[in-house]
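Source file entry.pdb; content: PDB, C-alpha atoms (C1' of nucleotides).
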ATOM      1  CA  MET I 112      64.472 133.082  97.224
ATOM      2  CA  GLY I 113      64.925 129.816  99.113
ATOM      3  CA  SER I 114      67.481 129.720 101.873
ATOM      4  CA  ASP I 115      70.050 127.565 100.050
ATOM      5  CA  ARG I 116      69.736 129.626  96.894
ATOM      6  CA  GLU I 117      70.511 132.713  98.932
ATOM      7  CA  ILE I 118      73.648 131.079 100.313
ATOM      8  CA  CYS I 119      74.806 130.135  96.848
ATOM      9  CA  ASN I 120      74.020 133.437  95.215
ATOM     10  CA  SER I 121      75.964 135.400  97.747
ATOM     11  CA  SER I 122      78.831 132.967  97.375
ATOM     12  CA  ILE I 123      79.150 133.377  93.626
ATOM     13  CA  ASP I 124      79.052 137.137  93.977
ATOM     14  CA  ASP I 125      81.791 136.938  96.576
ATOM     15  CA  ILE I 126      84.141 134.884  94.443
ATOM     16  CA  LYS I 127      83.535 136.545  91.083
ATOM     17  CA  PHE I 128      86.554 138.786  91.550
ATOM     18  CA  ILE I 129      88.853 135.923  92.512
ATOM     19  CA  ILE I 130      88.110 133.686  89.534
ATOM     20  CA  PRO I 131      91.535 132.763  88.168
ATOM     21  CA  VAL I 132      92.799 134.186  84.887
ATOM     22  CA  GLU I 133      92.517 131.553  82.146
ATOM     23  CA  GLU I 134      95.910 132.198  80.531
ATOM     24  CA  GLU I 135      97.713 132.163  83.860
ATOM     25  CA  MET I 136      96.170 128.793  84.743
ATOM     26  CA  GLN I 137      97.110 127.407  81.331
ATOM     27  CA  ASP I 138     100.726 128.499  81.776
ATOM     28  CA  LEU I 139     100.877 127.210  85.324
ATOM     29  CA  SER I 140      99.420 123.818  84.395
ATOM     30  CA  GLU I 141     101.967 123.474  81.595
ATOM     31  CA  PHE I 142     104.724 124.302  84.030
ATOM     32  CA  PHE I 143     103.617 121.588  86.457
ATOM     33  CA  LYS I 144     103.050 119.168  83.586
ATOM     34  CA  VAL I 145     106.793 119.076  83.012
ATOM     35  CA  PHE I 146     107.213 117.667  86.522
ATOM     36  CA  SER I 147     104.440 115.120  86.062
ATOM     37  CA  ASP I 148     106.535 112.458  84.335
ATOM     38  CA  PRO I 149     108.878 110.089  86.227
ATOM     39  CA  THR I 150     111.523 110.084  83.484
ATOM     40  CA  ARG I 151     111.767 113.863  83.433
ATOM     41  CA  LEU I 152     111.905 113.955  87.229
ATOM     42  CA  LYS I 153     114.740 111.430  87.245
ATOM     43  CA  ILE I 154     116.659 113.500  84.725
ATOM     44  CA  LEU I 155     116.188 116.633  86.820
ATOM     45  CA  PHE I 156     117.302 114.862  89.989
ATOM     46  CA  ILE I 157     120.530 113.542  88.526
ATOM     47  CA  LEU I 158     121.290 116.849  86.816
ATOM     48  CA  GLU I 159     120.794 118.506  90.187
ATOM     49  CA  LYS I 160     124.104 116.950  91.202
ATOM     50  CA  GLN I 161     126.188 117.507  88.077
ATOM     51  CA  GLU I 162     126.058 118.189  84.363
ATOM     52  CA  LEU I 163     125.903 115.070  82.216
ATOM     53  CA  CYS I 164     125.864 114.090  78.561
ATOM     54  CA  VAL I 165     122.879 112.363  76.994
ATOM     55  CA  HIS I 166     124.123 108.789  76.717
ATOM     56  CA  ILE I 167     125.261 108.750  80.351
ATOM     57  CA  ILE I 168     121.806 109.834  81.452
ATOM     58  CA  ALA I 169     120.302 107.078  79.296
ATOM     59  CA  GLU I 170     122.711 104.517  80.733
ATOM     60  CA  ALA I 171     122.090 105.623  84.310
ATOM     61  CA  LEU I 172     118.313 105.424  83.924
ATOM     62  CA  GLU I 173     118.545 102.251  81.811
ATOM     63  CA  MET I 174     116.490 103.786  79.037
ATOM     64  CA  GLN I 175     116.948 104.273  75.316
ATOM     65  CA  GLN I 176     118.856 107.311  74.147
ATOM     66  CA  THR I 177     115.995 108.476  71.948
ATOM     67  CA  ALA I 178     113.562 108.467  74.853
ATOM     68  CA  ILE I 179     115.971 110.607  76.868
ATOM     69  CA  SER I 180     116.540 112.980  73.944
ATOM     70  CA  HIS I 181     112.800 113.500  73.534
ATOM     71  CA  GLN I 182     112.415 114.295  77.229
ATOM     72  CA  LEU I 183     115.453 116.579  77.209
ATOM     73  CA  LYS I 184     113.816 118.491  74.383
ATOM     74  CA  ILE I 185     110.775 119.112  76.572
ATOM     75  CA  LEU I 186     113.003 120.157  79.463
ATOM     76  CA  ARG I 187     114.921 122.506  77.140
ATOM     77  CA  GLN I 188     111.747 124.045  75.720
ATOM     78  CA  SER I 189     110.461 124.757  79.207
ATOM     79  CA  ARG I 190     113.909 126.164  80.005
ATOM     80  CA  LEU I 191     114.463 123.892  82.987
ATOM     81  CA  VAL I 192     117.776 122.665  81.580
ATOM     82  CA  LYS I 193     120.543 124.249  79.545
ATOM     83  CA  TYR I 194     123.273 122.555  77.512
ATOM     84  CA  ARG I 195     126.732 123.060  76.093
ATOM     85  CA  LYS I 196     128.304 121.177  73.210
ATOM     86  CA  GLU I 197     131.790 119.725  73.491
ATOM     87  CA  GLY I 198     132.848 117.687  70.478
ATOM     88  CA  LYS I 199     130.415 114.858  69.974
ATOM     89  CA  HIS I 200     128.925 115.295  73.408
ATOM     90  CA  VAL I 201     126.154 117.555  74.622
ATOM     91  CA  TYR I 202     126.297 118.280  78.323
ATOM     92  CA  TYR I 203     123.050 119.121  80.065
ATOM     93  CA  SER I 204     122.611 120.886  83.388
ATOM     94  CA  LEU I 205     119.863 122.559  85.420
ATOM     95  CA  ASN I 206     118.982 126.050  84.322
ATOM     96  CA  ASP I 207     116.931 127.390  87.157
ATOM     97  CA  ASN I 208     117.164 127.598  90.916
ATOM     98  CA  HIS I 209     113.408 127.415  91.320
ATOM     99  CA  ILE I 210     113.522 123.797  90.211
ATOM    100  CA  LYS I 211     115.300 122.555  93.317
ATOM    101  CA  GLU I 212     112.779 124.338  95.500
ATOM    102  CA  ILE I 213     109.815 122.876  93.602
ATOM    103  CA  LEU I 214     111.246 119.360  93.772
ATOM    104  CA  LYS I 215     112.047 119.762  97.459
ATOM    105  CA  THR I 216     108.545 120.934  98.339
ATOM    106  CA  GLY I 217     107.019 118.092  96.347
ATOM    107  CA  LEU I 218     109.212 115.513  98.046
ATOM    108  CA  GLU I 219     108.352 116.871 101.475
ATOM    109  CA  HIS I 220     104.683 116.508 100.639
ATOM    110  CA  ILE I 221     104.759 112.896  99.468
ATOM    111  CA  LYS I 222     106.976 111.828 102.365
ATOM    112  CA  GLU I 223     104.439 112.847 104.976
TER
ATOM    113  CA  MET U 152     140.327 103.708  76.724
ATOM    114  CA  GLY U 153     139.689 106.735  74.513
ATOM    115  CA  SER U 154     139.541 110.098  76.185
ATOM    116  CA  ASP U 155     135.786 110.672  75.815
ATOM    117  CA  ARG U 156     134.999 107.168  76.959
ATOM    118  CA  GLU U 157     137.068 107.821  80.056
ATOM    119  CA  ILE U 158     135.067 110.957  80.767
ATOM    120  CA  CYS U 159     131.794 109.093  80.410
ATOM    121  CA  ASN U 160     132.823 106.038  82.398
ATOM    122  CA  SER U 161     133.931 108.061  85.340
ATOM    123  CA  SER U 162     130.698 110.047  85.137
ATOM    124  CA  ILE U 163     128.429 107.040  85.349
ATOM    125  CA  ASP U 164     130.365 105.677  88.289
ATOM    126  CA  ASP U 165     130.034 109.007  90.027
ATOM    127  CA  ILE U 166     126.283 109.186  89.631
ATOM    128  CA  LYS U 167     125.413 105.563  90.301
ATOM    129  CA  PHE U 168     124.681 106.281  93.922
ATOM    130  CA  ILE U 169     122.447 109.254  93.159
ATOM    131  CA  ILE U 170     120.166 107.508  90.665
ATOM    132  CA  PRO U 171     116.644 108.313  91.904
ATOM    133  CA  VAL U 172     114.456 105.662  93.488
ATOM    134  CA  GLU U 173     111.816 104.492  91.002
ATOM    135  CA  GLU U 174     108.868 104.431  93.414
ATOM    136  CA  GLU U 175     109.671 107.864  94.794
ATOM    137  CA  MET U 176     109.743 109.322  91.281
ATOM    138  CA  GLN U 177     106.429 107.630  90.459
ATOM    139  CA  ASP U 178     104.799 109.101  93.548
ATOM    140  CA  LEU U 179     106.271 112.525  92.950
ATOM    141  CA  SER U 180     105.184 112.608  89.301
ATOM    142  CA  GLU U 181     101.653 111.654  90.321
ATOM    143  CA  PHE U 182     101.662 114.436  92.866
ATOM    144  CA  PHE U 183     102.670 117.034  90.275
ATOM    145  CA  LYS U 184     100.229 115.558  87.750
ATOM    146  CA  VAL U 185      97.367 116.781  89.907
ATOM    147  CA  PHE U 186      98.602 120.344  89.370
ATOM    148  CA  SER U 187      99.055 119.854  85.628
ATOM    149  CA  ASP U 188      95.447 120.541  84.647
ATOM    150  CA  PRO U 189      94.007 124.082  84.356
ATOM    151  CA  THR U 190      90.589 123.102  85.712
ATOM    152  CA  ARG U 191      92.048 121.552  88.857
ATOM    153  CA  LEU U 192      94.298 124.571  89.350
ATOM    154  CA  LYS U 193      91.321 126.917  89.052
ATOM    155  CA  ILE U 194      89.421 124.900  91.633
ATOM    156  CA  LEU U 195      92.376 124.998  94.015
ATOM    157  CA  PHE U 196      92.787 128.757  93.570
ATOM    158  CA  ILE U 197      89.176 129.590  94.342
ATOM    159  CA  LEU U 198      89.091 127.156  97.280
ATOM    160  CA  GLU U 199      92.179 128.903  98.579
ATOM    161  CA  LYS U 200      89.927 131.830  99.422
ATOM    162  CA  GLN U 201      86.892 130.052 100.851
ATOM    163  CA  GLU U 202      85.021 126.772 100.976
ATOM    164  CA  LEU U 203      82.458 126.345  98.217
ATOM    165  CA  CYS U 204      79.840 123.865  97.088
ATOM    166  CA  VAL U 205      80.088 122.055  93.778
ATOM    167  CA  HIS U 206      77.557 123.906  91.673
ATOM    168  CA  ILE U 207      79.016 127.276  92.664
ATOM    169  CA  ILE U 208      82.441 126.144  91.534
ATOM    170  CA  ALA U 209      80.910 124.977  88.249
ATOM    171  CA  GLU U 210      79.091 128.264  87.796
ATOM    172  CA  ALA U 211      82.152 130.324  88.649
ATOM    173  CA  LEU U 212      84.329 128.450  86.175
ATOM    174  CA  GLU U 213      81.527 128.252  83.601
ATOM    175  CA  MET U 214      81.847 124.493  83.331
ATOM    176  CA  GLN U 215      79.475 121.570  83.661
ATOM    177  CA  GLN U 216      78.821 120.186  87.100
ATOM    178  CA  THR U 217      79.894 116.673  86.104
ATOM    179  CA  ALA U 218      83.261 117.894  84.880
ATOM    180  CA  ILE U 219      83.834 119.624  88.217
ATOM    181  CA  SER U 220      82.705 116.572  90.184
ATOM    182  CA  HIS U 221      85.154 114.365  88.294
ATOM    183  CA  GLN U 222      88.012 116.758  89.021
ATOM    184  CA  LEU U 223      86.994 117.112  92.658
ATOM    185  CA  LYS U 224      87.201 113.346  92.934
ATOM    186  CA  ILE U 225      90.815 113.447  91.783
ATOM    187  CA  LEU U 226      91.562 116.264  94.220
ATOM    188  CA  ARG U 227      89.893 114.290  97.016
ATOM    189  CA  GLN U 228      91.814 111.119  96.203
ATOM    190  CA  SER U 229      95.096 112.976  96.297
ATOM    191  CA  ARG U 230      93.913 114.532  99.569
ATOM    192  CA  LEU U 231      94.368 118.097  98.366
ATOM    193  CA  VAL U 232      90.772 118.989  99.263
ATOM    194  CA  LYS U 233      88.390 117.939 102.009
ATOM    195  CA  TYR U 234      84.608 118.262 102.136
ATOM    196  CA  ARG U 235      81.687 118.465 104.491
ATOM    197  CA  LYS U 236      78.055 117.695 103.712
ATOM    198  CA  GLU U 237      75.282 120.059 104.639
ATOM    199  CA  GLY U 238      71.839 119.062 103.427
ATOM    200  CA  LYS U 239      71.890 118.780  99.661
ATOM    201  CA  HIS U 240      75.170 120.641  99.436
ATOM    202  CA  VAL U 241      78.737 119.432  99.673
ATOM    203  CA  TYR U 242      81.231 122.090 100.651
ATOM    204  CA  TYR U 243      84.807 121.664  99.520
ATOM    205  CA  SER U 244      87.899 123.320 100.943
ATOM    206  CA  LEU U 245      91.685 122.986 100.797
ATOM    207  CA  ASN U 246      93.121 120.235 102.925
ATOM    208  CA  ASP U 247      96.798 121.001 102.996
ATOM    209  CA  ASN U 248      99.008 123.979 103.647
ATOM    210  CA  HIS U 249     101.665 122.722 101.270
ATOM    211  CA  ILE U 250      99.339 123.460  98.376
ATOM    212  CA  LYS U 251      99.518 127.210  98.734
ATOM    213  CA  GLU U 252     103.295 127.053  98.825
ATOM    214  CA  ILE U 253     103.456 124.871  95.704
ATOM    215  CA  LEU U 254     101.067 127.144  93.806
ATOM    216  CA  LYS U 255     102.958 130.242  94.934
ATOM    217  CA  THR U 256     106.321 128.878  93.829
ATOM    218  CA  GLY U 257     104.885 127.854  90.468
ATOM    219  CA  LEU U 258     103.325 131.257  89.915
ATOM    220  CA  GLU U 259     106.580 133.007  90.767
ATOM    221  CA  HIS U 260     108.332 130.887  88.176
ATOM    222  CA  ILE U 261     105.981 131.543  85.274
ATOM    223  CA  LYS U 262     105.805 135.262  86.019
ATOM    224  CA  GLU U 263     109.539 135.780  85.490
TER
ATOM    225  C1'  DG M1383      53.960 110.105  97.992
ATOM    226  C1'  DT M1384      55.996 113.488  93.720
ATOM    227  C1'  DA M1385      58.961 117.209  92.046
ATOM    228  C1'  DA M1386      63.039 119.787  92.199
ATOM    229  C1'  DT M1387      67.773 120.405  93.358
ATOM    230  C1'  DA M1388      72.676 118.961  94.393
ATOM    231  C1'  DT M1389      76.083 115.777  93.658
ATOM    232  C1'  DA M1390      78.399 111.529  91.988
ATOM    233  C1'  DT M1391      79.748 108.154  88.656
ATOM    234  C1'  DG M1392      80.263 104.753  84.664
ATOM    235  C1'  DA M1393      80.737 104.669  79.677
ATOM    236  C1'  DA M1394      82.049 106.825  75.466
ATOM    237  C1'  DT M1395      84.971 109.843  72.895
ATOM    238  C1'  DA M1396      88.367 112.983  71.321
ATOM    239  C1'  DG M1397      92.763 114.630  72.172
ATOM    240  C1'  DA M1398      97.298 114.426  74.498
ATOM    241  C1'  DT M1399     101.495 111.910  75.835
ATOM    242  C1'  DG M1400     105.692 108.702  76.226
ATOM    243  C1'  DT M1401     108.239 105.284  74.039
ATOM    244  C1'  DT M1402     110.074 102.906  70.113
ATOM    245  C1'  DC M1403     111.773 102.519  65.477
ATOM    246  C1'  DA M1404     113.955 104.316  61.628
ATOM    247  C1'  DT M1405     116.803 107.654  60.248
ATOM    248  C1'  DA M1406     119.243 112.146  59.870
ATOM    249  C1'  DT M1407     123.012 115.158  61.396
ATOM    250  C1'  DA M1408     127.431 116.101  63.358
ATOM    251  C1'  DT M1409     131.881 115.271  65.169
ATOM    252  C1'  DA M1410     135.967 112.440  65.765
ATOM    253  C1'  DA M1411     139.013 108.584  64.562
ATOM    254  C1'  DA M1412     141.329 105.723  61.282
TER
ATOM    255  C1'  DT E1390     136.998 109.262  52.715
ATOM    256  C1'  DT E1391     135.127 105.685  55.497
ATOM    257  C1'  DT E1392     133.711 104.180  60.049
ATOM    258  C1'  DA E1393     132.150 104.750  64.601
ATOM    259  C1'  DT E1394     130.006 107.416  68.106
ATOM    260  C1'  DA E1395     126.760 110.986  70.070
ATOM    261  C1'  DT E1396     122.636 113.230  69.592
ATOM    262  C1'  DA E1397     118.232 114.718  67.508
ATOM    263  C1'  DT E1398     113.805 114.089  65.371
ATOM    264  C1'  DG E1399     109.528 112.618  62.667
ATOM    265  C1'  DA E1400     106.188 108.924  62.414
ATOM    266  C1'  DA E1401     103.670 105.209  64.476
ATOM    267  C1'  DC E1402     101.458 103.178  68.300
ATOM    268  C1'  DA E1403      99.645 102.189  72.707
ATOM    269  C1'  DT E1404      98.167 104.348  76.733
ATOM    270  C1'  DC E1405      96.253 107.907  79.414
ATOM    271  C1'  DT E1406      93.188 111.902  80.334
ATOM    272  C1'  DA E1407      89.421 115.464  80.465
ATOM    273  C1'  DT E1408      84.996 116.286  79.109
ATOM    274  C1'  DT E1409      80.306 115.034  77.936
ATOM    275  C1'  DC E1410      76.184 112.331  78.244
ATOM    276  C1'  DA E1411      73.140 109.505  80.612
ATOM    277  C1'  DT E1412      71.845 108.217  84.848
ATOM    278  C1'  DA E1413      71.939 107.076  89.856
ATOM    279  C1'  DT E1414      71.669 108.695  94.645
ATOM    280  C1'  DA E1415      70.347 111.804  98.227
ATOM    281  C1'  DT E1416      68.101 115.583 100.335
ATOM    282  C1'  DT E1417      64.548 119.036 100.577
ATOM    283  C1'  DA E1418      60.044 121.111  99.419
ATOM    284  C1'  DC E1419      55.353 120.503  98.415
TER
END

Take the structure I supplied and represent it as C-alpha cells, if you would.
Amino acid sequence: MGSDREICNSSIDDIKFIIPVEEEMQDLSEFFKVFSDPTRLKILFILEKQELCVHIIAEALEMQQTAISHQLKILRQSRLVKYRKEGKHVYYSLNDNHIKEILKTGLEHIKE
Amino acid sequence: MGSDREICNSSIDDIKFIIPVEEEMQDLSEFFKVFSDPTRLKILFILEKQELCVHIIAEALEMQQTAISHQLKILRQSRLVKYRKEGKHVYYSLNDNHIKEILKTGLEHIKE
DNA sequence: GTAATATATGAATAGATGTTCATATATAAA
DNA sequence: TTTATATATGAACATCTATTCATATATTAC
C-alpha cells in the first residue's frame, strides 16, 4: 500500500459510479460527428437563413451536386434537415432548433 | 427565363452574402471533431467531475494507457483539458467552461 | 546504481470518411 | 415520345483516424 497507489485506488472507487454509459457516448459522438465536416457546416449555416434547393446550395458552395447530395443525405438521416419536393426541385431547410444553439456555442468558443 | 430558373437565380443572389467563411468553417469543424469520438467524450465526462491521472482514466474506461495518452494529447492540443504534474503522475482536468455547455446541449438533443 | 511505475510518442494497421465518376430516377418542356 | 433539368446513389479511391505495439522518458523506491 504505497502512498500513490492509495491515491489512485481511492480515485477509481470514487469515479466508478460516474463512468459514462457506452451507448450514450456512442450516440453523442455520432451527433457531434455530423458537425465535424466543413461542407455540412456550410450547408447548415446557409439553411439557417432560408430553405434552398440542392443545386443552389452546390452553386453557392462551388461544389459538385453529388457531393452536396451525399452530405444532405447524412444531414437528413441525423434529422438535422427536412425537405419538401416541388416539381423537379427538392427544398431543404433546418429541422431542429437545437442546431442553431449548438452552432452558436461552437462559434463563440473558436472566436475567443 | 423559365419560371424555375428565375426562382433559383434570385435565391443564389439572396444568399451570396451569407455564404460562410471557409476558414471559420474549417476551425469550427475541427472543434466539433474533438467531440466526435466516444473515447474523448468519456474522458471529458469523467474529468467533468474531478481531476484524474492517466492510468486511472485508462482503468476506469477499461482501455490501454497508450490509447488514453494519445486522446489526451488531442484534448490538450485543442485546449479542452489542462494538466499538472505531481511526481510520477500527471493529473488532467477540464480547461474550459464552454465544454460542459456543449456536452449538455448535445445530450439534450440525443435524449429527445 | 537497478527495478518498478507512470506517462508519452512514433510507426504500423485496420477501419471510417468525403469526393468524384458513372448512372439511375423523376419531373417538366418541347 | 424525346430532351433537358434536378436530384439521388453505388462504387472506387485517396485521405484521415483510433488503436495497438514497441519503446523512450521521467520519477520514485530500494

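Pairwise distance (CA of Ile221 (chain I), CA of Leu195 (chain U)) equals 18.2 Å.
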
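With all atoms listed in the file as the atoms that count, the residue of U:Glu213, U:Glu263, U:Asp188, U:Glu252 with the shortest distance to chain M is U:Asp188.
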
Tell me, as a CSV table (one decimal) with C-alpha atoms, in the coordinates of the input, which residues lie within 12 Å of Ile130 (chain I), counting all atoms listed in the file; anything in the same chain fewer than 6 positions away does not count.
chain,number,residue,atom,x,y,z
I,123,ILE,CA,79.2,133.4,93.6
I,124,ASP,CA,79.1,137.1,94.0
I,136,MET,CA,96.2,128.8,84.7
U,190,THR,CA,90.6,123.1,85.7
U,192,LEU,CA,94.3,124.6,89.4
U,193,LYS,CA,91.3,126.9,89.1
U,194,ILE,CA,89.4,124.9,91.6
U,195,LEU,CA,92.4,125.0,94.0
U,196,PHE,CA,92.8,128.8,93.6
U,197,ILE,CA,89.2,129.6,94.3
U,198,LEU,CA,89.1,127.2,97.3
U,199,GLU,CA,92.2,128.9,98.6
U,200,LYS,CA,89.9,131.8,99.4
U,201,GLN,CA,86.9,130.1,100.9
U,207,ILE,CA,79.0,127.3,92.7
U,208,ILE,CA,82.4,126.1,91.5
U,209,ALA,CA,80.9,125.0,88.2
U,210,GLU,CA,79.1,128.3,87.8
U,211,ALA,CA,82.2,130.3,88.6
U,212,LEU,CA,84.3,128.4,86.2
U,213,GLU,CA,81.5,128.3,83.6

query: Which residues of chain M are close to chain U, meaning at most 9 Å apart when you count all atoms listed in the file, and how do they look as JSON, numbers by chain?
result: {"M": [1387, 1388, 1389, 1390, 1391]}

All Cα atoms, paired in order, least squares: that's the fit I need for chain U onto chain I, output as a compact mmCIF listing (two decimals) with C-alpha atoms, keeping the file's coordinate frame.
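Output file selection-v7.txt is given in full below:
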# COMPACT_ATOMS: atom_id res chain seq x y z
CA MET U 152 64.56 133.19 97.44
CA GLY U 153 64.97 129.86 99.24
CA SER U 154 67.55 129.68 101.96
CA ASP U 155 70.07 127.49 100.11
CA ARG U 156 69.75 129.55 96.97
CA GLU U 157 70.55 132.62 99.02
CA ILE U 158 73.68 130.96 100.35
CA CYS U 159 74.82 130.04 96.86
CA ASN U 160 74.00 133.37 95.25
CA SER U 161 75.94 135.31 97.79
CA SER U 162 78.83 132.88 97.38
CA ILE U 163 79.15 133.34 93.65
CA ASP U 164 79.05 137.10 94.02
CA ASP U 165 81.78 136.90 96.61
CA ILE U 166 84.11 134.86 94.44
CA LYS U 167 83.50 136.56 91.11
CA PHE U 168 86.50 138.79 91.57
CA ILE U 169 88.82 135.93 92.49
CA ILE U 170 88.06 133.71 89.50
CA PRO U 171 91.50 132.79 88.12
CA VAL U 172 92.75 134.21 84.85
CA GLU U 173 92.48 131.59 82.10
CA GLU U 174 95.87 132.23 80.48
CA GLU U 175 97.68 132.20 83.81
CA MET U 176 96.14 128.83 84.68
CA GLN U 177 97.10 127.45 81.26
CA ASP U 178 100.70 128.55 81.72
CA LEU U 179 100.86 127.25 85.27
CA SER U 180 99.40 123.86 84.34
CA GLU U 181 101.95 123.52 81.54
CA PHE U 182 104.70 124.34 83.98
CA PHE U 183 103.60 121.63 86.41
CA LYS U 184 103.04 119.19 83.53
CA VAL U 185 106.78 119.12 82.96
CA PHE U 186 107.20 117.71 86.48
CA SER U 187 104.41 115.16 86.02
CA ASP U 188 106.51 112.51 84.29
CA PRO U 189 108.84 110.13 86.19
CA THR U 190 111.50 110.12 83.47
CA ARG U 191 111.76 113.91 83.42
CA LEU U 192 111.89 113.99 87.21
CA LYS U 193 114.72 111.45 87.23
CA ILE U 194 116.66 113.51 84.73
CA LEU U 195 116.19 116.65 86.81
CA PHE U 196 117.29 114.87 89.99
CA ILE U 197 120.52 113.54 88.53
CA LEU U 198 121.29 116.86 86.82
CA GLU U 199 120.80 118.50 90.19
CA LYS U 200 124.08 116.92 91.22
CA GLN U 201 126.19 117.47 88.11
CA GLU U 202 126.07 118.15 84.39
CA LEU U 203 125.90 115.03 82.25
CA CYS U 204 125.87 114.05 78.60
CA VAL U 205 122.90 112.32 77.02
CA HIS U 206 124.12 108.75 76.76
CA ILE U 207 125.23 108.73 80.40
CA ILE U 208 121.77 109.83 81.47
CA ALA U 209 120.28 107.06 79.32
CA GLU U 210 122.66 104.50 80.78
CA ALA U 211 122.05 105.64 84.34
CA LEU U 212 118.28 105.44 83.95
CA GLU U 213 118.49 102.26 81.86
CA MET U 214 116.47 103.80 79.06
CA GLN U 215 116.96 104.27 75.34
CA GLN U 216 118.88 107.29 74.17
CA THR U 217 116.02 108.48 71.95
CA ALA U 218 113.58 108.47 74.84
CA ILE U 219 115.98 110.62 76.86
CA SER U 220 116.59 112.98 73.94
CA HIS U 221 112.85 113.51 73.51
CA GLN U 222 112.44 114.31 77.20
CA LEU U 223 115.48 116.59 77.19
CA LYS U 224 113.86 118.51 74.37
CA ILE U 225 110.81 119.14 76.53
CA LEU U 226 113.02 120.19 79.43
CA ARG U 227 114.96 122.51 77.11
CA GLN U 228 111.81 124.07 75.70
CA SER U 229 110.50 124.79 79.16
CA ARG U 230 113.95 126.19 79.97
CA LEU U 231 114.48 123.91 82.96
CA VAL U 232 117.80 122.66 81.57
CA LYS U 233 120.59 124.23 79.55
CA TYR U 234 123.32 122.53 77.52
CA ARG U 235 126.77 123.02 76.13
CA LYS U 236 128.37 121.14 73.25
CA GLU U 237 131.81 119.64 73.52
CA GLY U 238 132.92 117.59 70.54
CA LYS U 239 130.48 114.76 70.00
CA HIS U 240 128.98 115.23 73.44
CA VAL U 241 126.23 117.50 74.67
CA TYR U 242 126.33 118.23 78.37
CA TYR U 243 123.09 119.10 80.09
CA SER U 244 122.62 120.87 83.40
CA LEU U 245 119.88 122.56 85.42
CA ASN U 246 119.01 126.05 84.31
CA ASP U 247 116.95 127.40 87.15
CA ASN U 248 117.18 127.61 90.90
CA HIS U 249 113.43 127.44 91.30
CA ILE U 250 113.54 123.81 90.21
CA LYS U 251 115.28 122.57 93.31
CA GLU U 252 112.76 124.37 95.49
CA ILE U 253 109.80 122.91 93.57
CA LEU U 254 111.23 119.39 93.75
CA LYS U 255 112.02 119.78 97.45
CA THR U 256 108.52 120.97 98.30
CA GLY U 257 106.99 118.13 96.32
CA LEU U 258 109.18 115.55 98.01
CA GLU U 259 108.30 116.90 101.45
CA HIS U 260 104.64 116.53 100.59
CA ILE U 261 104.72 112.93 99.42
CA LYS U 262 106.92 111.85 102.33
CA GLU U 263 104.35 112.85 104.95

task: Write down, as a ChimeraX atom specification, each residue of chain I that has any atom within 6 Å of an atom of chain U, counting only C-alpha atoms.
output: /I:131,136-137,140,143-144,146-149,153

- request: May I have the residues within 10 Å of region 1403-1411 of chain E as number ranges by chain, using all atoms listed in the file and disregarding those fewer than 5 positions away in the same chain?
  value: U: 188, 190, 214-215, 217-219, 221-222; M: 1392-1401

- request: Report as a PyMOL selection string the residues that result from applying the PyMOL selection byres ((chain E) within 8 of (chain I)) to the structure here.
  value: chain E and resi 1394-1397
